[in-house]
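Asker: Okay, so here is my_file_39.txt, and as you'll see once you scroll down, it has compact mmCIF, C-alpha atoms.
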# COMPACT_ATOMS: atom_id res chain seq x y z
CA MET A 1 117.72 40.74 37.95
CA THR A 2 118.53 42.37 41.26
CA TYR A 3 115.97 42.71 44.03
CA ALA A 4 115.10 46.31 44.89
CA PRO A 5 112.91 46.63 47.98
CA SER A 6 109.99 48.98 47.66
CA PHE A 7 109.84 52.25 49.56
CA LEU A 8 107.30 50.80 52.00
CA THR A 9 109.49 47.73 52.60
CA ARG A 10 112.47 49.95 53.33
CA LEU A 11 110.38 52.09 55.64
CA ALA A 12 109.14 49.00 57.49
CA LEU A 13 112.70 47.71 57.84
CA LEU A 14 113.89 51.08 59.08
CA ALA A 15 111.05 51.16 61.57
CA ALA A 16 111.85 47.66 62.78
CA VAL A 17 115.42 48.55 63.64
CA SER A 18 114.57 52.00 65.03
CA LEU A 19 111.66 51.26 67.36
CA PRO A 20 112.40 50.82 71.04
CA ALA A 21 113.16 47.24 71.98
CA PRO A 22 110.44 45.36 73.84
CA LEU A 23 110.59 45.50 77.61
CA VAL A 24 112.85 42.56 78.17
CA ALA A 25 115.21 42.39 81.08
CA ASP A 26 118.76 41.18 81.26
CA GLY A 27 118.30 37.47 81.90
CA LEU A 28 117.40 34.92 84.59
CA GLU A 29 113.93 36.40 84.75
CA THR A 30 110.64 34.76 85.46
CA ALA A 31 107.60 36.97 85.11
CA PRO A 32 106.49 39.23 86.63
CA LEU A 33 109.49 41.51 86.58
CA ILE A 34 109.95 44.72 88.50
CA ASP A 35 111.42 48.08 87.51
CA ILE A 36 114.68 48.36 89.42
CA THR A 37 114.18 52.13 89.94
CA HIS A 38 110.88 51.48 91.77
CA LEU A 39 112.54 49.48 94.56
CA VAL A 40 112.38 51.14 97.97
CA GLY A 41 113.20 48.42 100.47
CA GLU A 42 114.65 44.97 101.01
CA ALA A 43 115.23 42.77 104.04
CA SER A 44 116.47 39.21 103.99
CA ASP A 45 117.84 38.37 107.40
CA GLN A 46 114.79 36.78 109.04
CA ASP A 47 113.05 33.43 108.87
CA MET A 48 109.33 34.00 108.40
CA ASN A 49 108.26 30.43 107.59
CA GLY A 50 110.19 28.70 110.37
CA ASP A 51 112.32 26.40 108.19
CA GLY A 52 115.63 27.69 109.53
CA LEU A 53 116.45 29.59 106.33
CA ASN A 54 116.19 33.30 105.82
CA ASP A 55 113.37 34.66 103.70
CA ARG A 56 113.22 37.95 101.84
CA LEU A 57 110.83 40.88 101.55
CA LEU A 58 110.97 43.59 98.90
CA LEU A 59 109.03 46.85 98.74
CA VAL A 60 108.40 48.30 95.29
CA ILE A 61 106.42 51.38 94.26
CA ASN A 62 103.65 50.36 91.87
CA ASP A 63 103.35 51.58 88.27
CA VAL A 64 100.77 54.23 89.20
CA GLY A 65 103.07 55.62 91.87
CA ASP A 66 100.44 55.85 94.63
CA ALA A 67 101.21 52.73 96.65
CA VAL A 68 103.83 50.19 97.59
CA ASP A 69 103.70 46.53 96.61
CA MET A 70 105.19 43.90 98.90
CA ILE A 71 106.99 40.95 97.37
CA VAL A 72 107.52 37.91 99.57
CA LEU A 73 110.24 35.41 98.78
CA MET A 74 109.97 32.41 101.07
CA SER A 75 112.74 29.85 101.24
CA ASP A 76 112.10 26.36 99.96
CA PRO A 77 113.50 24.03 102.66
CA GLN A 78 114.15 21.29 100.09
CA THR A 79 116.38 23.34 97.82
CA GLY A 80 117.39 26.32 99.97
CA ALA A 81 116.44 28.57 97.06
CA PHE A 82 113.46 30.89 97.02
CA ALA A 83 110.03 29.67 95.99
CA PRO A 84 108.33 31.77 93.28
CA PRO A 85 107.72 35.33 94.52
CA GLN A 86 104.38 36.19 96.07
CA PHE A 87 103.18 39.66 95.03
CA VAL A 88 100.97 41.44 97.56
CA ARG A 89 99.80 44.51 95.69
CA THR A 90 99.31 48.06 96.96
CA VAL A 91 99.70 47.46 100.68
CA LEU A 92 100.98 50.87 101.79
CA PRO A 93 100.10 54.33 100.49
CA THR A 94 103.01 56.36 99.23
CA GLU A 95 103.76 59.44 97.21
CA LEU A 96 105.95 60.27 94.27
CA PRO A 97 108.38 61.85 93.60
CA ARG A 98 110.60 60.31 96.24
CA HIS A 99 111.86 63.19 98.30
CA ASN A 100 114.53 62.54 100.82
CA TYR A 101 111.98 62.58 103.59
CA ASN A 102 110.12 59.65 102.03
CA LEU A 103 111.33 56.65 103.93
CA HIS A 104 110.33 53.03 103.51
CA GLN A 105 111.49 50.48 106.01
CA ILE A 106 111.20 46.79 106.73
CA ASN A 107 111.64 45.56 110.28
CA TYR A 108 110.46 42.50 112.15
CA ALA A 109 108.51 41.85 115.32
CA GLY A 110 109.16 38.82 117.47
CA GLY A 111 112.09 36.53 116.85
CA SER A 112 113.09 35.87 120.45
CA ASP A 113 111.12 32.62 120.50
CA PRO A 114 112.25 30.41 117.59
CA LYS A 115 108.92 28.52 117.69
CA VAL A 116 107.00 31.69 116.86
CA ALA A 117 107.28 33.04 113.32
CA VAL A 118 108.67 36.56 113.07
CA GLN A 119 106.22 39.15 111.77
CA PRO A 120 107.23 41.69 109.14
CA VAL A 121 106.75 45.35 110.06
CA ILE A 122 106.57 47.62 107.03
CA THR A 123 106.66 51.39 107.29
CA VAL A 124 106.31 54.43 105.09
CA PHE A 125 107.08 57.97 106.21
CA GLY A 126 105.95 60.49 103.62
CA PRO A 127 105.19 64.20 103.53
CA GLN A 128 101.43 63.55 103.80
CA SER A 129 101.11 60.24 105.57
CA ARG A 130 102.98 57.84 107.74
CA MET A 131 101.98 54.33 108.52
CA GLU A 132 103.45 51.27 110.13
CA LEU A 133 101.90 47.84 109.72
CA VAL A 134 102.66 44.67 111.66
CA LEU A 135 101.67 41.82 109.37
CA LYS A 136 100.64 38.25 109.94
CA GLN A 137 100.38 35.46 107.43
CA ALA A 138 97.04 33.69 107.77
CA ALA A 139 95.91 30.57 105.91
CA ASP A 140 94.20 32.65 103.25
CA GLY A 141 96.81 35.38 102.86
CA TRP A 142 98.39 38.27 104.69
CA GLN A 143 96.48 40.37 107.20
CA ILE A 144 97.21 43.34 109.45
CA ASP A 145 97.80 42.58 113.11
CA ARG A 146 98.62 46.09 114.29
CA LEU A 147 98.69 49.52 112.70
CA SER A 148 99.93 52.92 113.75
CA GLY A 149 100.19 56.18 111.87
CA ALA A 150 98.29 59.05 110.32
CA MET A 151 96.80 58.92 106.85
CA ALA A 152 97.05 62.65 106.12
CA VAL A 153 98.55 65.81 107.58
CA ASP A 154 95.28 66.74 109.30
CA ALA A 155 94.21 63.20 110.18
CA PRO A 156 94.51 61.93 113.75
CA GLU A 157 97.09 59.38 114.68
CA CYS A 158 95.59 55.93 114.98
CA ARG A 159 97.03 53.01 116.86
CA LEU A 160 94.98 49.92 116.17
CA ASN A 161 95.53 46.47 117.63
CA TYR A 162 93.31 44.09 115.69
CA ALA A 163 94.39 41.10 117.75
CA ALA A 164 93.05 42.88 120.86
CA GLY A 165 90.03 44.33 119.02
CA ARG A 166 90.67 47.90 120.18
CA GLY A 167 92.53 50.98 119.23
CA VAL A 168 93.26 54.52 120.25
CA VAL A 169 92.85 57.72 118.27
CA ILE A 170 95.10 60.61 119.20
CA ARG A 171 94.09 64.09 118.07
CA VAL A 172 96.26 67.16 118.44
CA ARG A 173 95.47 69.12 121.62
CA GLN A 174 92.64 66.69 122.55
CA ASP A 175 92.33 63.67 124.75
CA SER A 176 92.92 60.27 123.32
CA GLU A 177 89.84 58.32 122.36
CA TYR A 178 89.63 54.55 122.68
CA ILE A 179 87.67 52.81 119.97
CA SER A 180 86.52 49.29 119.24
CA ILE A 181 87.63 47.88 115.94
CA GLY A 182 86.46 44.94 113.88
CA ALA A 183 88.27 42.00 112.41
CA ALA A 184 91.80 42.38 111.09
CA PRO A 185 91.69 43.65 107.52
CA LYS A 186 93.11 41.47 104.80
CA LEU A 187 96.03 42.94 102.97
CA ARG A 188 94.15 43.43 99.72
CA PRO A 189 94.79 46.23 97.22
CA TYR A 190 94.15 49.72 98.64
CA TRP A 191 92.72 48.12 101.80
CA TRP A 192 93.02 51.40 103.72
CA GLN A 193 90.40 53.13 101.57
CA ASP A 194 87.57 51.11 103.13
CA GLY A 195 89.26 48.78 105.60
CA LEU A 196 90.34 51.38 108.14
CA ALA A 197 88.24 52.74 110.99
CA ALA A 198 86.50 55.85 109.61
CA VAL A 199 87.77 57.99 112.46
CA CYS A 200 91.35 57.35 111.30
CA LEU A 201 90.69 58.93 107.91
CA GLY A 202 90.28 62.38 109.44
CA MET B 203 113.01 64.36 51.11
CA ARG B 204 110.71 61.53 52.21
CA TRP B 205 113.77 59.53 53.24
CA LEU B 206 115.00 62.46 55.26
CA THR B 207 111.61 62.73 57.01
CA ALA B 208 111.60 58.99 57.74
CA PHE B 209 115.17 59.17 59.00
CA LEU B 210 114.39 62.06 61.32
CA LEU B 211 111.23 60.33 62.51
CA PHE B 212 112.87 57.04 63.36
CA ALA B 213 116.26 58.28 64.40
CA THR B 214 114.77 60.20 67.34
CA PRO B 215 116.21 58.62 70.47
CA ALA B 216 113.75 56.46 72.36
CA MET B 217 112.97 57.29 75.97
CA ALA B 218 115.09 55.45 78.49
CA GLU B 219 113.48 52.09 79.01
CA PRO B 220 112.94 50.70 82.48
CA LEU B 221 115.48 48.17 83.63
CA LEU B 222 113.40 45.19 84.63
CA ILE B 223 114.61 42.49 86.95
CA ALA B 224 113.30 39.32 88.60
CA PRO B 225 112.56 39.92 92.31
CA GLU B 226 114.58 36.87 93.35
CA ARG B 227 117.74 38.51 92.01
CA VAL B 228 117.51 41.55 94.30
CA LEU B 229 119.89 41.27 97.27
CA GLY B 230 119.81 44.75 98.72
CA VAL B 231 118.24 48.20 98.37
CA PHE B 232 119.41 51.53 99.80
CA ASP B 233 117.31 54.53 98.85
CA ALA B 234 117.27 56.92 101.78
CA ASN B 235 117.93 57.15 105.44
CA GLU B 236 117.28 59.59 108.21
CA TYR B 237 120.52 61.40 107.45
CA ALA B 238 119.46 62.10 103.85
CA GLY B 239 122.31 60.04 102.49
CA ASN B 240 122.05 58.68 98.98
CA ASP B 241 121.37 62.03 97.35
CA TRP B 242 124.61 62.35 95.45
CA ASN B 243 123.32 64.96 93.01
CA ARG B 244 122.05 67.04 95.96
CA ASP B 245 118.64 67.79 94.44
CA GLU B 246 116.58 66.76 97.51
CA TYR B 247 115.24 63.74 95.63
CA GLN B 248 116.39 60.31 96.67
CA ASP B 249 118.91 58.50 94.56
CA LEU B 250 119.00 54.72 94.68
CA THR B 251 121.55 51.96 95.09
CA VAL B 252 120.63 48.32 94.43
CA ILE B 253 122.66 45.11 94.51
CA ALA B 254 121.43 42.09 92.58
CA ILE B 255 122.61 38.69 91.37
CA SER B 256 124.26 39.08 87.97
CA GLN B 257 122.87 37.76 84.73
CA SER B 258 125.47 34.98 84.76
CA GLY B 259 124.49 34.02 88.31
CA ASP B 260 128.08 33.96 89.64
CA ALA B 261 128.53 37.56 90.82
CA VAL B 262 126.70 40.51 92.33
CA ASP B 263 126.06 43.65 90.29
CA LEU B 264 125.59 47.14 91.71
CA TYR B 265 123.13 49.59 90.15
CA LEU B 266 123.15 53.33 90.81
CA ALA B 267 120.04 55.28 89.81
CA THR B 268 120.12 59.09 89.87
CA SER B 269 117.10 61.36 90.29
CA ASP B 270 115.99 63.92 87.74
CA PRO B 271 116.29 67.29 89.52
CA VAL B 272 112.96 68.47 88.06
CA THR B 273 110.72 65.41 88.29
CA GLY B 274 112.58 63.26 90.81
CA ALA B 275 112.24 60.25 88.47
CA LEU B 276 115.10 57.80 88.71
CA THR B 277 117.25 56.52 85.86
CA VAL B 278 119.98 53.90 86.15
CA THR B 279 123.17 55.88 85.51
CA ASP B 280 125.93 53.46 86.49
CA VAL B 281 126.36 49.72 86.85
CA ALA B 282 129.26 47.79 88.35
CA TYR B 283 129.10 44.28 86.95
CA GLY B 284 130.60 41.76 89.39
CA ILE B 285 131.30 44.06 92.32
CA LEU B 286 131.10 41.07 94.71
CA PRO B 287 131.30 37.28 94.24
CA TYR B 288 128.15 35.11 94.30
CA ASP B 289 127.99 31.36 94.69
CA PRO B 290 124.51 29.78 94.37
CA ASP B 291 125.68 26.85 96.47
CA ARG B 292 126.26 29.12 99.48
CA ILE B 293 122.84 30.75 99.71
CA GLY B 294 122.36 29.88 103.39
CA ASP B 295 125.89 30.95 104.31
CA VAL B 296 126.61 34.27 102.66
CA ARG B 297 124.70 37.41 103.53
CA TYR B 298 124.86 40.56 101.42
CA GLU B 299 124.12 44.04 102.63
CA ILE B 300 124.08 47.62 101.45
CA PHE B 301 124.10 50.49 103.90
CA PRO B 302 125.30 54.07 104.39
CA SER B 303 128.89 54.40 105.58
CA HIS B 304 129.42 55.64 109.11
CA GLU B 305 131.26 58.86 108.38
CA THR B 306 130.12 59.99 104.97
CA TYR B 307 126.83 58.10 104.30
CA ASP B 308 128.23 56.90 100.98
CA PRO B 309 126.82 53.51 99.98
CA VAL B 310 128.78 50.49 101.21
CA VAL B 311 128.23 46.99 99.84
CA GLY B 312 129.09 44.08 102.10
CA TYR B 313 129.66 40.32 101.85
CA ASN B 314 129.63 38.18 105.02
CA SER B 315 130.21 34.44 105.18
CA GLU B 316 129.20 32.75 108.41
CA VAL B 317 131.10 29.55 107.55
CA SER B 318 134.45 31.08 106.60
CA GLY B 319 134.06 34.13 108.85
CA LYS B 320 135.21 36.32 105.99
CA SER B 321 133.76 39.72 105.16
CA LEU B 322 134.38 42.17 102.36
CA TYR B 323 133.18 45.78 102.35
CA ILE B 324 133.46 48.20 99.43
CA ARG B 325 132.59 51.87 99.77
CA ILE B 326 131.25 53.59 96.66
CA GLY B 327 131.90 57.16 95.61
CA ALA B 328 128.52 57.59 93.92
CA ARG B 329 128.07 60.36 91.34
CA GLU B 330 125.89 61.10 88.35
CA VAL B 331 128.84 60.35 86.09
CA GLY B 332 132.07 58.54 86.87
CA SER B 333 131.25 56.82 90.16
CA ASP B 334 134.26 55.11 91.68
CA ILE B 335 135.56 52.92 94.49
CA MET B 336 136.60 54.82 97.62
CA ASP B 337 137.97 52.05 99.80
CA VAL B 338 137.98 48.30 100.36
CA LEU B 339 138.17 46.38 103.63
CA ALA B 340 138.46 42.59 104.00
CA LEU B 341 138.18 40.95 107.42
CA THR B 342 138.21 37.51 108.98
CA SER B 343 136.35 37.02 112.24
CA THR B 344 138.28 35.43 115.09
CA GLU B 345 137.18 34.17 118.49
CA PRO B 346 133.94 35.67 119.87
CA GLY B 347 134.65 38.93 121.62
CA GLN B 348 137.96 39.39 119.85
CA PRO B 349 138.54 41.95 117.11
CA SER B 350 138.43 40.71 113.51
CA LYS B 351 141.69 40.24 111.61
CA THR B 352 142.20 42.71 108.77
CA ASN B 353 143.35 40.86 105.65
CA CYS B 354 143.29 43.77 103.30
CA GLU B 355 142.74 47.48 103.46
CA ILE B 356 142.82 49.66 100.35
CA TRP B 357 142.28 53.40 100.54
CA PHE B 358 141.81 55.08 97.18
CA VAL B 359 140.14 58.15 98.68
CA ASN B 360 139.93 59.63 102.15
CA ILE B 361 138.13 62.95 102.26
CA PHE B 362 139.08 63.52 105.89
CA GLU B 363 142.83 63.41 105.34
CA GLU B 364 144.61 66.44 104.00
CA ASN B 365 147.40 65.60 101.52
CA PHE B 366 146.01 62.10 101.30
CA VAL B 367 148.06 59.54 99.37
CA PRO B 368 146.33 56.30 98.27
CA HIS B 369 147.67 53.36 100.19
CA ALA B 370 146.99 49.65 100.61
CA THR B 371 148.01 47.04 103.17
CA VAL B 372 147.55 43.39 102.28
CA LEU B 373 148.30 40.44 104.56
CA SER B 374 149.30 37.19 102.83
CA PRO B 375 148.05 33.82 104.23
CA ASP B 376 151.46 33.26 105.89
CA GLY B 377 151.23 36.63 107.65
CA GLU B 378 153.51 38.68 105.42
CA GLU B 379 152.36 42.30 105.15
CA THR B 380 152.68 44.20 101.88
CA THR B 381 152.09 47.93 101.60
CA TYR B 382 151.77 49.74 98.29
CA ASN B 383 150.12 52.65 96.51
CA PRO B 384 147.00 51.35 94.71
CA GLY B 385 146.79 54.44 92.51
CA ALA B 386 143.74 56.44 91.49
CA PRO B 387 140.25 55.26 92.45
CA PRO B 388 138.98 52.78 89.86
CA LEU B 389 135.83 53.70 87.99
CA LEU B 390 132.85 51.65 89.02
CA ALA B 391 132.09 50.73 85.42
CA ASP B 392 135.57 49.18 85.05
CA TRP B 393 135.64 47.45 88.42
CA HIS B 394 135.39 43.72 89.06
CA HIS B 395 135.98 42.03 92.40
CA THR B 396 138.60 39.78 90.81
CA ASP B 397 140.73 42.93 90.35
CA LEU B 398 141.47 42.66 94.07
CA PRO B 399 144.57 40.89 95.36
CA ASN B 400 143.80 37.37 96.63
CA PRO B 401 143.93 38.18 100.39
CA CYS B 402 141.15 40.72 99.85
CA LEU B 403 138.78 38.15 98.33
CA PRO B 404 136.44 36.27 100.64
Give the structure from this file in structure tokens form.
Answerer:
Amino acid sequence: MTYAPSFLTRLALLAAVSLPAPLVADGLETAPLIDITHLVGEASDQDMNGDGLNDRLLLVINDVGDAVDMIVLMSDPQTGAFAPPQFVRTVLPTELPRHNYNLHQINYAGGSDPKVAVQPVITVFGPQSRMELVLKQAADGWQIDRLSGAMAVDAPECRLNYAAGRGVVIRVRQDSEYISIGAAPKLRPYWWQDGLAAVCLG
Amino acid sequence: MRWLTAFLLFATPAMAEPLLIAPERVLGVFDANEYAGNDWNRDEYQDLTVIAISQSGDAVDLYLATSDPVTGALTVTDVAYGILPYDPDRIGDVRYEIFPSHETYDPVVGYNSEVSGKSLYIRIGAREVGSDIMDVLALTSTEPGQPSKTNCEIWFVNIFEENFVPHATVLSPDGEETTYNPGAPPLLADWHHTDLPNPCLP
């Protein structure tokens, strides 16, 4: 007697070979993975943890498309390889689609004194907003040391120095206004929605 | 008829799946710059070039992602597997970079070894279909302040030269210079760094 699969069995088999493959990548991966087309920035020529080896920062647009995640890859001085990546979610606002005038950059502050850790400076220039953050790694995570930029087309430009506890707000065709600011905000998801001086939101 | 319906249902092509990658594999990202380079389909949306450690861990792959002219969404359209060498034992020595070329803003991938002083630069003719290699330059650094020694120079394309003829100049380790016509630009998809003559390899 020969085995004849039922119609439903055939349909299930057909479905199994026709459905899209699961979202697996092409090897060497440890979760979480990132979509290669969401990458917007990389820099790996600075030593942020002071072990004499270069570390790496990546900027990736999140799945929603409204913010940029920062991924920190610190060198392991024992092996020279990178320690597991540290994901710092939604640290900069951004906009999709990525027009040519959207620009994401990674730079560094400091570096002249080898005893002082360099500080990453991450920037987004978009059609609606532009923002530059100077970051500092504290014991309990990343925080913002300095900020400059404008959150919207009609919002004033803010330059905030959290280390000094003061900032300046610059409005078009008006005098600059100096303001006092509180403690440096932690770099938590969407921190700018409630962690920024109200006057900077326009 | 039911089989036909099932066939049509399941034979519909799946949407392009995201290409996922581990962050620690990413070596370089070039999405836009102030000169609006990296828009090879000229649709005002950024295209994207990424270099990453290969699946086998012994080479660097290059990914080109092209924007959709309507939505701006990026899809990986071309991959060069093994465009540059990678040695996991030389993590602290070799630096990789990707940047816009000086004259044309085409993407250039670079390899620089501090220990050997050798560098290799490959300029990419990026397109939606049929991206190719424009030119290759291999250098060895000499004394500080002195110009680098050119070990290998291959010109497949030069848009600034009328009646351009592909040409290559390769210097052997004992100083013998060989000049030849390298032929048509190789397609990125067919390219591997081991296709280069030995003096060109770092």
Asker: Could you tell me, as a PyMOL selection string, which residues have any atom at most 9 Å from (128.2, 39.2, 103.0), counting all atoms listed in the file?
Answerer: chain B and resi 286+295-299+311-316+320-323
Asker: Do you have the atom CA of Pro93 of chain A-atom CA of His38 of chain A distance handy?
Answerer: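 Separation between atom CA of Pro93 of chain A and atom CA of His38 of chain A: 14.2 Å.
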Asker: Do a neighbour search on segment 156-171 of chain A at 9 Å with only C-alpha atoms, toss out local chain neighbours closer than 5 positions, and write the hits as an NGL selection string.
Answerer: :A and (144-151 or 176-185 or 197 or 199-202)
Asker: Out of B:Asn240, B:Ala282, B:Thr277, B:Gly327, which residue has the shortest atom-to-atom distance to Glu219 of chain B when counting all atoms listed in the file?
Answerer: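 The shortest atom-to-atom distance to Glu219 of chain B comes from B:Thr277.
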Asker: Identify which of the residues B:Gln248, B:Thr371, B:Asn360, B:Thr268 lies closest to chain A, counting only C-alpha atoms when measuring atom-to-atom distances.
Answerer: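 Answer, going by the shortest atom-to-atom distance: B:Gln248.
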Asker: Residues of chain B that have any atom at most 7 Å from an atom of chain A: could you tabulate them with the shortest-distance atom pair and the distance in Å to one decimal, using all atoms listed in the file, ordered by chain and increasing number, as CSV?
Answerer:
residue,atom,partner,partner_atom,distance
B:Phe212,CA,A:Ser18,CA,5.6
B:Ala213,CA,A:Ser18,CA,6.5
B:Ala216,CA,A:Pro20,CA,5.9
B:Pro220,CA,A:Asp35,CA,5.9
B:Leu221,CA,A:Asp35,CA,5.6
B:Leu222,CA,A:Asp35,CA,4.5
B:Ile223,CA,A:Leu33,CA,5.2
B:Ala224,CA,A:Leu33,CA,4.8
B:Pro225,CA,A:Ile34,CA,6.7
B:Gly230,CA,A:Glu42,CA,5.6
B:Val231,CA,A:Gly41,CA,5.5
B:Phe232,CA,A:Gly41,CA,7.0
B:Asp233,CA,A:Val40,CA,6.0
B:Ala234,CA,A:Leu103,CA,6.3
B:Asn235,CA,A:Leu103,CA,6.8
B:Ala238,CA,A:Asn100,CA,5.8
B:Glu246,CA,A:Asn100,CA,5.7
B:Tyr247,CA,A:His99,CA,4.3
B:Gln248,CA,A:Asn100,CA,5.1
B:Gln257,CA,A:Gly27,CA,5.4
B:Ala267,CA,A:Thr37,CA,6.7
B:Thr273,CA,A:Pro97,CA,6.8
B:Gly274,CA,A:Pro97,CA,5.2
B:Ala275,CA,A:Pro97,CA,6.6
B:Leu276,CA,A:Thr37,CA,5.9
B:Thr277,CA,A:Thr37,CA,6.7
B:Gly294,CA,A:Leu53,CA,6.6
Asker: Suppose you want the space between atom CA of Gln46 of chain A and atom CA of Pro120 of chain A; what is it in Å?
Answerer: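 Interatomic distance, atom CA of Gln46 of chain A to atom CA of Pro120 of chain A: 9.0 Å.
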Asker: If I take atom CA of Gly195 of chain A and atom CA of Asp63 of chain A, how far is one from the other in Å, to one decimal?
Answerer: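 So the two atoms, atom CA of Gly195 of chain A and atom CA of Asp63 of chain A, lie 22.5 Å apart.
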Asker: Just checking: using all atoms listed in the file, which residue out of B:Thr279, B:Arg325, B:Ser269, B:Ala254 ends up closest to Phe301 of chain B?
Answerer: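 Comparing B:Thr279, B:Arg325, B:Ser269, B:Ala254 against Phe301 of chain B, the winner is B:Arg325.
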Asker: Give, as JSON, the centre coordinates and the x, y and z edge lengths in Å to one decimal for an axis-aligned box around all listed atoms of segment 280-290 of chain B, padded by 6 Å on each side.
Answerer:
{"center_x": 127.9, "center_y": 41.6, "center_z": 90.6, "size_x": 18.8, "size_y": 35.7, "size_z": 20.2}
Asker: Considering all atoms listed in the file, can you say which of A:Gln128, A:Ala155, A:Lys186, A:Gln137 comes closest to Val172 of chain A?
Answerer: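 The answer is A:Ala155, which sits nearest to Val172 of chain A.
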Asker: Just the residues within 9 Å of Asn353 of chain B, please, counting only C-alpha atoms, with nothing from its chain fewer than 3 positions along; format it as a list in words.
Answerer: Leu339, Ala340, Leu341, Thr342, Thr371, Val372, Leu373, Ser374, Pro375, Pro401 and Cys402 of chain B
Asker: Since we have the selection now, will you write its residues out, keeping C-alpha atoms, as an mmCIF file, keeping the file's coordinate frame?
Answerer:
data_model
loop_
_atom_site.group_PDB
_atom_site.id
_atom_site.type_symbol
_atom_site.label_atom_id
_atom_site.label_comp_id
_atom_site.auth_asym_id
_atom_site.auth_seq_id
_atom_site.Cartn_x
_atom_site.Cartn_y
_atom_site.Cartn_z
ATOM 1 C CA LEU B 339 138.170 46.380 103.630
ATOM 2 C CA ALA B 340 138.460 42.590 104.000
ATOM 3 C CA LEU B 341 138.180 40.950 107.420
ATOM 4 C CA THR B 342 138.210 37.510 108.980
ATOM 5 C CA THR B 371 148.010 47.040 103.170
ATOM 6 C CA VAL B 372 147.550 43.390 102.280
ATOM 7 C CA LEU B 373 148.300 40.440 104.560
ATOM 8 C CA SER B 374 149.300 37.190 102.830
ATOM 9 C CA PRO B 375 148.050 33.820 104.230
ATOM 10 C CA PRO B 401 143.930 38.180 100.390
ATOM 11 C CA CYS B 402 141.150 40.720 99.850
#
Asker: Using all atoms listed in the file, which of A:Ala67, A:Val88, A:Met48, A:Val116 sits nearest Ser129 of chain A?
Answerer: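 Once distances to Ser129 of chain A are computed over all atoms listed in the file, the minimum belongs to A:Ala67.
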Asker: I'd like the neighbourhood of segment 260-264 of chain B as a PyMOL selection string, where a residue qualifies if any of its atoms comes within 10 Å (using all atoms listed in the file), though same-chain residues fewer than 6 positions away should be ignored.
Answerer: chain B and resi 227-231+251-254+280-290+298+300+311+313+326+390-391+394-395
Asker: Which residue, A:Ala139, A:Val118, A:Arg130, A:Trp191, has the smallest gap to Asp154 of chain A when you use only C-alpha atoms?
Answerer: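 Of A:Ala139, A:Val118, A:Arg130, A:Trp191, the one nearest Asp154 of chain A is A:Arg130, counting only C-alpha atoms.
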